[in-house]
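As stored in work-v2.txt (compact mmCIF, C-alpha atoms):
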# COMPACT_ATOMS: atom_id res chain seq x y z
CA MET A 1 124.14 -120.64 37.23
CA ALA A 2 126.82 -119.76 34.68
CA THR A 3 127.94 -122.68 32.49
CA ASN A 4 131.35 -123.33 30.95
CA ASP A 5 129.92 -122.21 27.60
CA ASP A 6 128.86 -118.85 29.07
CA PHE A 7 132.28 -118.40 30.59
CA THR A 8 133.99 -119.22 27.28
CA ALA A 9 131.68 -116.87 25.35
CA ARG A 10 132.41 -114.05 27.82
CA LEU A 11 136.11 -114.65 27.53
CA MET A 12 135.99 -114.78 23.73
CA ASN A 13 133.87 -111.64 23.53
CA ASP A 14 136.49 -109.73 25.47
CA MET A 15 137.75 -107.47 22.70
CA ASP A 16 137.03 -104.05 21.26
CA PRO A 17 133.26 -103.97 20.49
CA ASP A 18 133.82 -102.66 16.96
CA LEU A 19 136.29 -105.45 16.23
CA LEU A 20 133.97 -108.03 17.81
CA ASP A 21 131.16 -106.90 15.51
CA PHE A 22 133.59 -106.87 12.57
CA VAL A 23 134.66 -110.46 13.26
CA LYS A 24 131.15 -111.76 13.93
CA THR A 25 129.35 -110.09 11.05
CA LYS A 26 131.91 -109.37 8.37
CA ILE A 27 134.88 -111.75 8.67
CA ASN A 28 132.82 -114.84 9.29
CA THR A 29 134.88 -117.27 7.17
CA PHE A 30 138.57 -118.04 6.85
CA ILE A 31 138.51 -117.20 3.14
CA LYS A 32 137.25 -113.71 3.94
CA TRP A 33 140.02 -113.38 6.53
CA ASP A 34 142.61 -114.32 3.88
CA LEU A 35 141.08 -111.93 1.37
CA ILE A 36 141.04 -109.05 3.81
CA ARG A 37 144.66 -109.66 4.74
CA PHE A 38 145.59 -109.79 1.06
CA PHE A 39 143.80 -106.52 0.26
CA HIS A 40 145.25 -104.86 3.33
CA GLU A 41 148.77 -105.77 2.22
CA ASN A 42 148.04 -104.89 -1.41
CA PRO A 43 145.46 -102.13 -1.01
CA ASN A 44 145.35 -100.89 -4.61
CA THR A 45 144.51 -104.23 -6.17
CA ALA A 46 141.58 -104.25 -8.56
CA ASP A 47 140.79 -107.43 -10.43
CA THR A 48 138.31 -110.11 -11.41
CA ALA A 49 137.26 -112.86 -8.99
CA GLY A 50 139.24 -115.37 -11.05
CA ASN A 51 142.47 -113.44 -10.80
CA ILE A 52 141.98 -112.62 -7.11
CA ALA A 53 141.40 -116.32 -6.47
CA ARG A 54 144.69 -117.03 -8.23
CA TYR A 55 146.53 -114.41 -6.12
CA ALA A 56 145.07 -116.01 -3.00
CA GLY A 57 145.90 -119.52 -4.22
CA ARG A 58 142.27 -120.60 -3.99
CA ASN A 59 139.45 -121.80 -6.21
CA VAL A 60 137.35 -119.10 -7.87
CA ALA A 61 134.14 -120.97 -7.00
CA ALA A 62 135.03 -120.57 -3.33
CA VAL A 63 136.30 -116.99 -3.57
CA GLU A 64 133.63 -115.29 -5.68
CA PRO A 65 130.70 -115.62 -3.23
CA GLU A 66 132.97 -114.46 -0.41
CA LEU A 67 133.94 -111.38 -2.41
CA ASP A 68 130.28 -110.66 -3.04
CA GLU A 69 129.56 -110.88 0.69
CA LEU A 70 132.45 -108.53 1.40
CA VAL A 71 130.90 -106.10 -1.09
CA GLU A 72 127.57 -106.41 0.76
CA SER A 73 129.29 -105.61 4.03
CA ARG A 74 131.00 -102.59 2.38
CA ILE A 75 134.55 -103.84 2.87
CA MET A 76 134.99 -104.31 -0.85
CA GLU A 77 133.67 -102.44 -3.84
CA ILE A 78 132.61 -103.79 -7.19
CA HIS A 79 132.45 -102.06 -10.54
CA HIS A 80 131.90 -103.41 -14.01
CA LEU A 81 134.21 -103.07 -17.00
CA ASP A 82 132.37 -104.24 -20.11
CA GLU A 83 130.11 -106.23 -17.76
CA ILE A 84 133.11 -107.95 -16.16
CA PRO A 85 132.92 -107.51 -12.36
CA VAL A 86 136.11 -106.04 -10.88
CA TYR A 87 136.65 -106.06 -7.11
CA SER A 88 138.72 -103.67 -5.04
CA LEU A 89 139.06 -102.66 -1.40
CA THR A 90 136.64 -99.95 -0.30
CA THR A 91 137.83 -96.37 -0.55
CA ASP A 92 135.84 -95.51 2.58
CA GLU A 93 138.41 -94.25 5.11
CA SER A 94 136.57 -95.45 8.24
CA MET A 95 136.17 -98.97 6.86
CA ARG A 96 139.83 -99.06 5.80
CA ARG A 97 140.74 -97.99 9.35
CA LEU A 98 138.67 -100.85 10.78
CA VAL A 99 140.42 -103.30 8.44
CA GLU A 100 143.77 -101.87 9.57
CA GLU A 101 142.78 -102.26 13.24
CA PHE A 102 141.68 -105.85 12.63
CA ILE A 103 144.95 -106.78 10.91
CA GLN A 104 146.97 -105.12 13.66
CA ALA A 105 144.95 -106.89 16.34
CA CYS A 106 145.63 -110.21 14.59
CA GLU A 107 149.29 -109.85 15.49
CA ASP A 108 148.25 -110.73 19.04
CA ARG A 109 147.87 -114.50 19.48
CA HIS A 110 145.05 -114.13 22.04
CA PHE A 111 143.05 -111.99 19.63
CA ARG A 112 143.58 -114.53 16.86
CA VAL A 113 142.32 -117.35 19.09
CA LYS A 114 139.18 -115.32 19.84
CA ALA A 115 138.63 -114.46 16.17
CA VAL A 116 139.03 -118.13 15.18
CA TYR A 117 136.53 -119.12 17.88
CA HIS A 118 133.92 -116.71 16.53
CA ILE A 119 134.47 -117.79 12.93
CA ILE A 120 134.09 -121.47 13.81
CA ARG A 121 130.96 -120.76 15.85
CA GLY A 122 129.54 -118.74 12.98
CA MET A 123 130.19 -121.61 10.56
CA ARG A 124 128.13 -124.10 12.59
CA MET B 1 164.25 -79.91 -25.45
CA GLN B 2 162.38 -80.81 -22.25
CA ARG B 3 163.50 -84.09 -20.69
CA VAL B 4 162.11 -86.45 -18.07
CA ARG B 5 165.15 -87.27 -15.98
CA THR B 6 165.42 -90.77 -14.60
CA GLY B 7 167.58 -89.65 -11.68
CA ILE B 8 169.77 -92.69 -12.32
CA LYS B 9 173.44 -91.88 -12.20
CA GLY B 10 174.94 -92.28 -15.66
CA LEU B 11 171.70 -93.15 -17.44
CA ASP B 12 170.49 -89.57 -17.94
CA GLU B 13 173.85 -88.79 -19.51
CA MET B 14 173.43 -91.73 -21.90
CA LEU B 15 169.95 -90.45 -22.76
CA HIS B 16 171.33 -86.94 -23.31
CA GLY B 17 169.28 -85.61 -20.41
CA GLY B 18 166.52 -88.17 -19.95
CA PHE B 19 163.47 -89.57 -21.72
CA LEU B 20 161.26 -87.35 -23.81
CA PRO B 21 157.99 -86.42 -22.07
CA GLN B 22 154.90 -88.59 -22.62
CA THR B 23 156.84 -91.42 -24.19
CA ALA B 24 156.87 -95.18 -23.73
CA ASN B 25 160.29 -96.52 -22.82
CA LEU B 26 160.99 -100.22 -22.89
CA VAL B 27 163.51 -101.84 -20.53
CA GLU B 28 164.23 -105.41 -21.51
CA GLY B 29 166.33 -107.88 -19.60
CA ALA B 30 166.67 -111.35 -18.15
CA PRO B 31 165.38 -112.12 -14.64
CA GLY B 32 167.42 -110.32 -11.99
CA THR B 33 169.14 -107.86 -14.32
CA GLY B 34 167.42 -104.92 -12.59
CA LYS B 35 164.48 -103.96 -14.82
CA THR B 36 162.08 -103.45 -11.93
CA THR B 37 164.72 -101.68 -9.83
CA LEU B 38 165.40 -99.29 -12.71
CA GLY B 39 161.66 -98.65 -13.04
CA MET B 40 161.16 -98.16 -9.30
CA GLN B 41 164.10 -95.75 -9.19
CA PHE B 42 162.59 -93.78 -12.10
CA ILE B 43 159.35 -93.47 -10.13
CA TYR B 44 161.03 -92.72 -6.78
CA SER B 45 163.38 -90.10 -8.27
CA GLY B 46 160.46 -88.53 -10.09
CA ILE B 47 158.56 -88.07 -6.84
CA THR B 48 161.41 -87.06 -4.56
CA LEU B 49 163.74 -85.14 -6.89
CA TYR B 50 161.46 -83.68 -9.53
CA ASN B 51 158.08 -83.49 -7.74
CA GLU B 52 156.41 -85.71 -10.32
CA PRO B 53 153.97 -88.20 -8.72
CA GLY B 54 154.01 -91.72 -10.11
CA ILE B 55 152.08 -94.94 -10.51
CA ILE B 56 153.40 -98.50 -10.50
CA LEU B 57 151.16 -100.90 -12.37
CA THR B 58 152.01 -104.51 -11.65
CA PHE B 59 150.52 -107.52 -13.40
CA GLU B 60 152.09 -110.28 -11.35
CA GLU B 61 154.30 -109.20 -8.45
CA PHE B 62 152.32 -108.26 -5.34
CA PRO B 63 152.54 -104.57 -4.31
CA GLN B 64 153.82 -105.79 -0.95
CA GLN B 65 156.96 -107.01 -2.77
CA TYR B 66 157.59 -103.51 -4.17
CA TYR B 67 157.24 -101.93 -0.72
CA HIS B 68 159.72 -104.47 0.59
CA ASP B 69 162.21 -104.16 -2.28
CA ALA B 70 162.04 -100.36 -2.19
CA GLU B 71 162.73 -100.36 1.54
CA ALA B 72 166.03 -102.15 0.87
CA PHE B 73 167.15 -99.04 -1.03
CA GLY B 74 165.83 -96.70 1.66
CA TRP B 75 162.80 -95.70 -0.44
CA ASP B 76 159.67 -95.53 1.70
CA PHE B 77 156.93 -96.32 -0.82
CA LYS B 78 154.25 -96.69 1.86
CA ALA B 79 154.90 -93.16 3.11
CA LEU B 80 154.74 -91.84 -0.47
CA GLU B 81 151.40 -93.64 -0.89
CA ARG B 82 150.08 -92.01 2.27
CA GLU B 83 151.15 -88.64 0.86
CA LYS B 84 149.22 -89.55 -2.34
CA ARG B 85 152.32 -89.11 -4.48
CA LEU B 86 152.58 -92.81 -5.38
CA LYS B 87 150.17 -95.67 -6.02
CA VAL B 88 151.21 -99.27 -6.49
CA ILE B 89 148.32 -100.88 -8.34
CA MET B 90 147.96 -104.57 -8.94
CA THR B 91 145.63 -105.74 -11.63
CA SER B 92 145.57 -108.02 -14.64
CA PRO B 93 146.33 -107.10 -18.26
CA GLU B 94 142.71 -107.74 -19.27
CA VAL B 95 141.32 -105.44 -16.56
CA SER B 96 143.86 -102.66 -17.18
CA LYS B 97 143.24 -102.81 -20.93
CA LEU B 98 139.48 -102.41 -20.42
CA ASP B 99 140.06 -99.79 -17.73
CA LEU B 100 142.25 -97.62 -19.98
CA GLU B 101 139.78 -97.90 -22.83
CA GLN B 102 136.99 -96.50 -20.63
CA VAL B 103 136.37 -92.84 -19.91
CA GLY B 104 136.94 -92.22 -16.22
CA GLY B 105 138.61 -95.55 -15.53
CA MET B 106 140.63 -96.25 -12.39
CA ILE B 107 144.04 -95.38 -13.89
CA GLU B 108 142.75 -92.22 -15.56
CA THR B 109 141.04 -91.08 -12.36
CA LEU B 110 144.11 -91.82 -10.26
CA ALA B 111 146.45 -90.08 -12.69
CA ASN B 112 144.23 -86.99 -12.62
CA GLU B 113 143.73 -86.99 -8.85
CA MET B 114 147.42 -87.45 -8.08
CA GLY B 115 148.70 -85.34 -10.93
CA ALA B 116 150.78 -88.39 -11.89
CA ARG B 117 153.43 -87.79 -14.54
CA ARG B 118 155.24 -91.14 -14.52
CA ILE B 119 154.24 -94.78 -14.65
CA LEU B 120 156.06 -98.09 -14.39
CA VAL B 121 154.28 -101.01 -16.08
CA ASP B 122 155.77 -104.24 -14.80
CA SER B 123 155.71 -106.07 -17.07
CA LEU B 124 154.45 -105.51 -20.59
CA SER B 125 155.20 -109.17 -21.36
CA HIS B 126 151.94 -110.07 -19.64
CA LEU B 127 149.90 -108.41 -22.40
CA GLU B 128 150.95 -111.42 -24.48
CA ARG B 129 148.47 -113.57 -22.60
CA LEU B 130 145.58 -111.57 -24.11
CA THR B 131 146.05 -113.03 -27.58
CA ASP B 132 148.03 -115.54 -29.62
CA ASP B 133 147.73 -113.44 -32.75
CA PRO B 134 150.85 -111.25 -33.25
CA VAL B 135 148.93 -108.67 -35.28
CA GLU B 136 146.28 -108.31 -32.59
CA LEU B 137 149.01 -108.16 -29.92
CA ARG B 138 150.67 -105.25 -31.67
CA ILE B 139 147.31 -103.43 -31.80
CA ILE B 140 146.77 -104.08 -28.08
CA GLN B 141 150.29 -102.87 -27.19
CA TYR B 142 149.91 -99.79 -29.40
CA SER B 143 146.54 -98.91 -27.90
CA PHE B 144 147.78 -99.53 -24.33
CA ILE B 145 150.83 -97.28 -24.83
CA ASN B 146 148.75 -94.54 -26.46
CA ALA B 147 146.33 -94.60 -23.53
CA LEU B 148 149.23 -93.98 -21.13
CA LYS B 149 150.48 -91.11 -23.28
CA ARG B 150 146.93 -89.71 -23.46
CA GLU B 151 147.03 -89.44 -19.65
CA GLY B 152 150.21 -87.37 -19.90
CA LEU B 153 152.36 -90.14 -18.46
CA THR B 154 155.98 -90.93 -19.27
CA ALA B 155 156.21 -94.69 -18.99
CA ILE B 156 158.82 -97.29 -18.31
CA LEU B 157 157.60 -100.66 -19.55
CA THR B 158 159.58 -103.69 -18.52
CA LYS B 159 159.89 -106.74 -20.69
CA GLU B 160 161.20 -110.12 -19.71
CA SER B 161 163.91 -111.67 -21.79
CA PRO B 162 164.11 -115.46 -21.64
CA ALA B 163 167.86 -115.71 -22.32
CA LEU B 164 170.08 -115.37 -19.27
CA LEU B 165 173.23 -114.69 -21.30
CA GLY B 166 173.48 -113.29 -24.77
CA ALA B 167 170.82 -112.01 -27.09
CA ALA B 168 167.33 -113.49 -26.88
CA GLU B 169 165.77 -114.61 -30.12
CA SER B 170 162.78 -112.43 -30.61
CA GLU B 171 160.36 -111.72 -33.42
CA GLU B 172 158.29 -109.31 -31.40
CA SER B 173 157.11 -105.99 -32.72
CA ILE B 174 157.13 -104.07 -29.45
CA ALA B 175 160.50 -102.47 -30.29
CA PHE B 176 158.78 -100.64 -33.14
CA VAL B 177 155.92 -99.40 -30.97
CA VAL B 178 157.96 -97.88 -28.12
CA ASP B 179 159.90 -94.61 -28.17
CA SER B 180 163.04 -95.88 -26.51
CA TYR B 181 164.55 -99.28 -25.96
CA ILE B 182 167.04 -100.10 -23.21
CA LEU B 183 168.64 -103.52 -22.99
CA LEU B 184 170.00 -104.99 -19.77
CA ARG B 185 172.25 -108.00 -20.10
CA TYR B 186 174.36 -110.35 -18.04
CA VAL B 187 177.94 -110.56 -19.27
CA GLU B 188 180.47 -113.18 -18.28
CA ILE B 189 184.04 -111.90 -17.99
CA GLU B 190 186.78 -114.05 -16.51
CA SER B 191 184.36 -116.28 -14.63
CA ALA B 192 182.43 -113.39 -13.09
CA ILE B 193 179.00 -112.05 -14.00
CA HIS B 194 178.76 -108.36 -14.80
CA LYS B 195 175.77 -106.36 -15.94
CA ALA B 196 175.61 -104.34 -19.14
CA LEU B 197 173.24 -101.61 -20.27
CA LEU B 198 172.71 -100.39 -23.81
CA VAL B 199 170.39 -97.70 -25.12
CA LEU B 200 169.34 -99.25 -28.40
CA LYS B 201 166.91 -96.58 -29.53
CA LEU B 202 165.72 -93.14 -28.44
CA ARG B 203 163.19 -91.79 -30.88
CA GLY B 204 163.60 -88.06 -31.60
CA SER B 205 166.97 -87.68 -29.93
CA ASP B 206 170.57 -88.71 -30.08
CA HIS B 207 171.88 -90.97 -27.31
CA ALA B 208 175.04 -92.74 -26.18
CA LYS B 209 175.74 -95.81 -28.30
CA ASP B 210 178.31 -97.49 -26.08
CA ILE B 211 177.66 -100.48 -23.85
CA ARG B 212 178.05 -99.52 -20.19
CA GLN B 213 178.58 -101.55 -17.07
CA PHE B 214 176.11 -100.97 -14.28
CA GLU B 215 175.68 -102.05 -10.70
CA ILE B 216 172.78 -102.28 -8.30
CA THR B 217 174.16 -100.48 -5.25
CA PRO B 218 172.47 -99.98 -1.85
CA HIS B 219 171.14 -96.68 -3.25
CA GLY B 220 169.85 -98.03 -6.55
CA ILE B 221 171.28 -98.43 -10.02
CA GLU B 222 174.52 -96.70 -11.02
CA VAL B 223 175.62 -96.78 -14.62
CA GLN B 224 179.38 -96.82 -14.88
CA ALA B 225 182.04 -96.71 -17.59
CA LYS B 226 181.79 -98.59 -20.83
CA PHE B 227 183.39 -102.00 -21.23
CA GLU B 228 186.94 -101.24 -22.37
CA GLY B 229 188.92 -103.57 -24.56
CA ARG B 230 186.14 -106.12 -25.06
CA GLU B 231 184.15 -107.13 -28.08
CA GLY B 232 180.89 -109.07 -28.37
CA ILE B 233 179.54 -107.79 -25.04
CA MET B 234 175.92 -108.41 -25.94
CA SER B 235 176.67 -112.02 -26.82
CA GLY B 236 177.07 -112.54 -23.08
CA SER B 237 180.60 -113.93 -23.47
CA PRO B 238 182.82 -111.08 -24.66
CA ARG B 239 186.34 -111.61 -25.87
CA LEU B 240 189.30 -109.27 -25.70
CA SER B 241 189.55 -106.92 -28.62
CA MET B 242 192.44 -107.63 -31.00
CA ALA B 243 194.44 -104.71 -29.66
CA ASP B 244 193.96 -105.79 -26.06
CA SER B 245 194.76 -109.41 -26.90
CA PHE B 246 198.02 -108.26 -28.45
CA VAL B 247 198.88 -106.09 -25.43
CA ARG B 248 198.03 -108.88 -23.01
CA ALA B 249 200.03 -111.47 -24.95
CA PHE B 250 203.11 -109.51 -25.82
CA VAL B 251 203.36 -106.34 -23.75
CA LYS B 252 201.94 -106.79 -20.24
CA LYS B 253 203.05 -109.53 -17.94
CA GLU B 254 200.17 -111.13 -16.12
CA LYS B 255 200.40 -110.86 -12.34
CA HIS B 256 200.13 -114.11 -10.44

Rewritten as structure tokens:
Amino acid sequence: MATNDDFTARLMNDMDPDLLDFVKTKINTFIKWDLIRFFHENPNTADTAGNIARYAGRNVAAVEPELDELVESRIMEIHHLDEIPVYSLTTDESMRRLVEEFIQACEDRHFRVKAVYHIIRGMR
Amino acid sequence: MQRVRTGIKGLDEMLHGGFLPQTANLVEGAPGTGKTTLGMQFIYSGITLYNEPGIILTFEEFPQQYYHDAEAFGWDFKALEREKRLKVIMTSPEVSKLDLEQVGGMIETLANEMGARRILVDSLSHLERLTDDPVELRIIQYSFINALKREGLTAILTKESPALLGAAESEESIAFVVDSYILLRYVEIESAIHKALLVLKLRGSDHAKDIRQFEITPHGIEVQAKFEGREGIMSGSPRLSMADSFVRAFVKKEKH
């Protein structure tokens, strides 16, 4: 017999499969969500974790590991200038398109509710 | 002599045709005088009128702000970015300094890929946070400017002036390093604020020496006629010249 939890999960999974995977596996924290929105709006930004944290109005200790995870999931790129790590949005066109689709989808309140649900579940 | 036209009405005439190619051109002014607008117009005109792709390098203002501000003048920066004729890059002075020093850095690669000929650096004042030592700062500025020239770029570098009215007290050496120096100032005349523009220096060329009024119109900056009958414009509070004071006092009747 289907439970309320199953029903909620089905309802919350009702979105484009690519976006669902993107939310569940790549944007699994609110800081990452903020960072992705920032880099989508300012796509040619390239800077250190400390400066990016300042742009985002957050603490570098919280932002740096999130940036590293975004690099692992190929949303961001990292390169080193004199051993200083510099982060920028990926140049991969298909990933940039996925980021664009995610940001556009976020304009819909229902999508945002679903994305928030998945992030909170992922944080447990 | 070949010139890099700004496309700004009145300014090219003051510059006797425009900037010289591969030069660094400083635009200094108080907040809101129009430094960034002048720089954006230089980049936009370069792309749309003279087919010269451009880069905007910002150290503080988010690129999103440039897209928004440009839109107000009818300049679609996002479309130009899609066409790969413009890039609005945000980074910090420390990263851009290291990047320009490297072979194959981001700015060098972009400039080559786009065939960029123009750059706006907004603002050069932020290089000051790299050092407290004025000698080292001058070396950093000199090296930074030379790196832009090396890439074949003609640059507008903005510089913030702390004084809202009148001349700012400055002991900085940047004026010696750049090839041209344009001052933007607020001027108070009869309880209204006007804007003044002066070309203080243009290395290797003659230029207009008069102080002109300018306005930021819905289409960008327009440099107008010089201030007639006033003295001490750059003080921020000009007075009538002696001749005009005499005319006003004894010849013309004021209308009420």

Just want the 9 Å neighbourhood of region 77-82 of chain A, counted on all atoms listed in the file, with same-chain residues fewer than 4 positions away dropped. Output as a PDB file with C-alpha atoms, in the frame of the given file.
ATOM      1  CA  ASP A  68     130.280-110.660  -3.040  1.00  0.00           C
ATOM      2  CA  LEU A  70     132.450-108.530   1.400  1.00  0.00           C
ATOM      3  CA  VAL A  71     130.900-106.100  -1.090  1.00  0.00           C
ATOM      4  CA  GLU A  72     127.570-106.410   0.760  1.00  0.00           C
ATOM      5  CA  VAL A  86     136.110-106.040 -10.880  1.00  0.00           C
ATOM      6  CA  TYR A  87     136.650-106.060  -7.110  1.00  0.00           C
ATOM      7  CA  SER A  88     138.720-103.670  -5.040  1.00  0.00           C
ATOM      8  CA  LEU A  89     139.060-102.660  -1.400  1.00  0.00           C
ATOM      9  CA  THR A  90     136.640 -99.950  -0.300  1.00  0.00           C
ATOM     10  CA  THR A  91     137.830 -96.370  -0.550  1.00  0.00           C
TER      11      THR A  91
ATOM     12  CA  VAL B  95     141.320-105.440 -16.560  1.00  0.00           C
ATOM     13  CA  LEU B  98     139.480-102.410 -20.420  1.00  0.00           C
ATOM     14  CA  ASP B  99     140.060 -99.790 -17.730  1.00  0.00           C
ATOM     15  CA  GLN B 102     136.990 -96.500 -20.630  1.00  0.00           C
ATOM     16  CA  GLY B 105     138.610 -95.550 -15.530  1.00  0.00           C
TER      17      GLY B 105
END

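Comparing A:Ser73, A:Glu41, A:Gln104, A:Arg96 by their smallest distance to Lys24 (chain A), the closest is A:Ser73 (using only C-alpha atoms).
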
Please report, as JSON lines, each residue of chain B lying at most 10 Å from chain A, together with the nearest pair of atoms and the separation in Å rounded to one decimal; use all atoms listed in the file, and order rows by chain and ascending residue number.
{"residue": "B:Leu57", "atom": "CA", "partner": "A:Thr45", "partner_atom": "CA", "distance": 9.7}
{"residue": "B:Thr58", "atom": "CA", "partner": "A:Thr45", "partner_atom": "CA", "distance": 9.3}
{"residue": "B:Phe59", "atom": "CA", "partner": "A:Thr45", "partner_atom": "CA", "distance": 10.0}
{"residue": "B:Glu60", "atom": "CA", "partner": "A:Tyr55", "partner_atom": "CA", "distance": 8.7}
{"residue": "B:Glu61", "atom": "CA", "partner": "A:Tyr55", "partner_atom": "CA", "distance": 9.6}
{"residue": "B:Phe62", "atom": "CA", "partner": "A:Asn42", "partner_atom": "CA", "distance": 6.7}
{"residue": "B:Pro63", "atom": "CA", "partner": "A:Asn42", "partner_atom": "CA", "distance": 5.4}
{"residue": "B:Gln64", "atom": "CA", "partner": "A:Asn42", "partner_atom": "CA", "distance": 5.9}
{"residue": "B:Gln65", "atom": "CA", "partner": "A:Asn42", "partner_atom": "CA", "distance": 9.3}
{"residue": "B:Tyr67", "atom": "CA", "partner": "A:Asn42", "partner_atom": "CA", "distance": 9.7}
{"residue": "B:Lys87", "atom": "CA", "partner": "A:Asn44", "partner_atom": "CA", "distance": 7.2}
{"residue": "B:Val88", "atom": "CA", "partner": "A:Asn44", "partner_atom": "CA", "distance": 6.4}
{"residue": "B:Ile89", "atom": "CA", "partner": "A:Asn44", "partner_atom": "CA", "distance": 4.8}
{"residue": "B:Met90", "atom": "CA", "partner": "A:Thr45", "partner_atom": "CA", "distance": 4.4}
{"residue": "B:Thr91", "atom": "CA", "partner": "A:Asp47", "partner_atom": "CA", "distance": 5.3}
{"residue": "B:Ser92", "atom": "CA", "partner": "A:Asp47", "partner_atom": "CA", "distance": 6.4}
{"residue": "B:Pro93", "atom": "CA", "partner": "A:Asp47", "partner_atom": "CA", "distance": 9.6}
{"residue": "B:Glu94", "atom": "CA", "partner": "A:Asp47", "partner_atom": "CA", "distance": 9.1}
{"residue": "B:Val95", "atom": "CA", "partner": "A:Asp47", "partner_atom": "CA", "distance": 6.5}
{"residue": "B:Ser96", "atom": "CA", "partner": "A:Asp47", "partner_atom": "CA", "distance": 8.8}
{"residue": "B:Lys97", "atom": "CA", "partner": "A:Leu81", "partner_atom": "CA", "distance": 9.9}
{"residue": "B:Leu98", "atom": "CA", "partner": "A:Leu81", "partner_atom": "CA", "distance": 6.3}
{"residue": "B:Asp99", "atom": "CA", "partner": "A:Leu81", "partner_atom": "CA", "distance": 6.7}
{"residue": "B:Glu101", "atom": "CA", "partner": "A:Leu81", "partner_atom": "CA", "distance": 9.6}
{"residue": "B:Gln102", "atom": "CA", "partner": "A:Leu81", "partner_atom": "CA", "distance": 8.0}
{"residue": "B:Gly105", "atom": "CA", "partner": "A:Leu81", "partner_atom": "CA", "distance": 8.8}
{"residue": "B:Met106", "atom": "CA", "partner": "A:Ala46", "partner_atom": "CA", "distance": 8.9}

query: Given the choices B:Pro238, B:Ala155, B:Ala175, B:Ala111, which gets closest to Ala192 (chain B) if the distance is worked out from all atoms listed in the file?
result: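 That would be B:Pro238, the residue with the smallest distance to Ala192 (chain B).
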
Region 131-139 of chain B environment, 12 Å, only C-alpha atoms, sequence neighbours closer than 5 positions dropped, as JSON, numbers by chain: {"B": [93, 94, 97, 124, 125, 126, 144, 145, 146, 171, 172, 173, 174, 175, 176, 177, 178]}

- prompt: Of the candidates A:Val60, A:Lys26, A:Asn13, A:Leu19, which shows the shortest atom-to-atom distance to Glu100 (chain A), using all atoms listed in the file?
  reply: A:Leu19

Let me have the centre and edge lengths in Å, one decimal, of the box along x, y and z around every listed atom of region 200-214 of chain B with 6 Å of margin on each side, as AutoDock Vina command-line options.
--center_x 170.9 --center_y -94.6 --center_z -22.9 --size_x 27.4 --size_y 25.9 --size_z 29.3

query: Counting only C-alpha atoms, which of B:Lys9, B:Arg118, B:Arg185, B:Lys35 gets nearest to Leu148 (chain B)?
result: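 Nearest to Leu148 (chain B): B:Arg118.
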
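Each of A:Ala53, A:Val99, A:Leu35, A:Leu20 was compared to Val116 (chain A) using all atoms listed in the file, and A:Leu20 turns out to be the nearest.
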
- prompt: Nearest to Asp5 (chain A): which of A:Glu93, A:Leu67, A:Arg121, A:Glu107 is it, counting all atoms listed in the file?
  reply: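 Nearest to Asp5 (chain A): A:Arg121.
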
- prompt: Within 9 Å of Thr154 (chain B), counting all atoms listed in the file, which residues qualify if same-chain residues fewer than 6 places away don't, as a count of residues only?
  reply: 13

message: Please compute the CA of Thr158 (chain B)-CA of Gly29 (chain B) distance, one decimal, in Å.
response: 8.0 Å
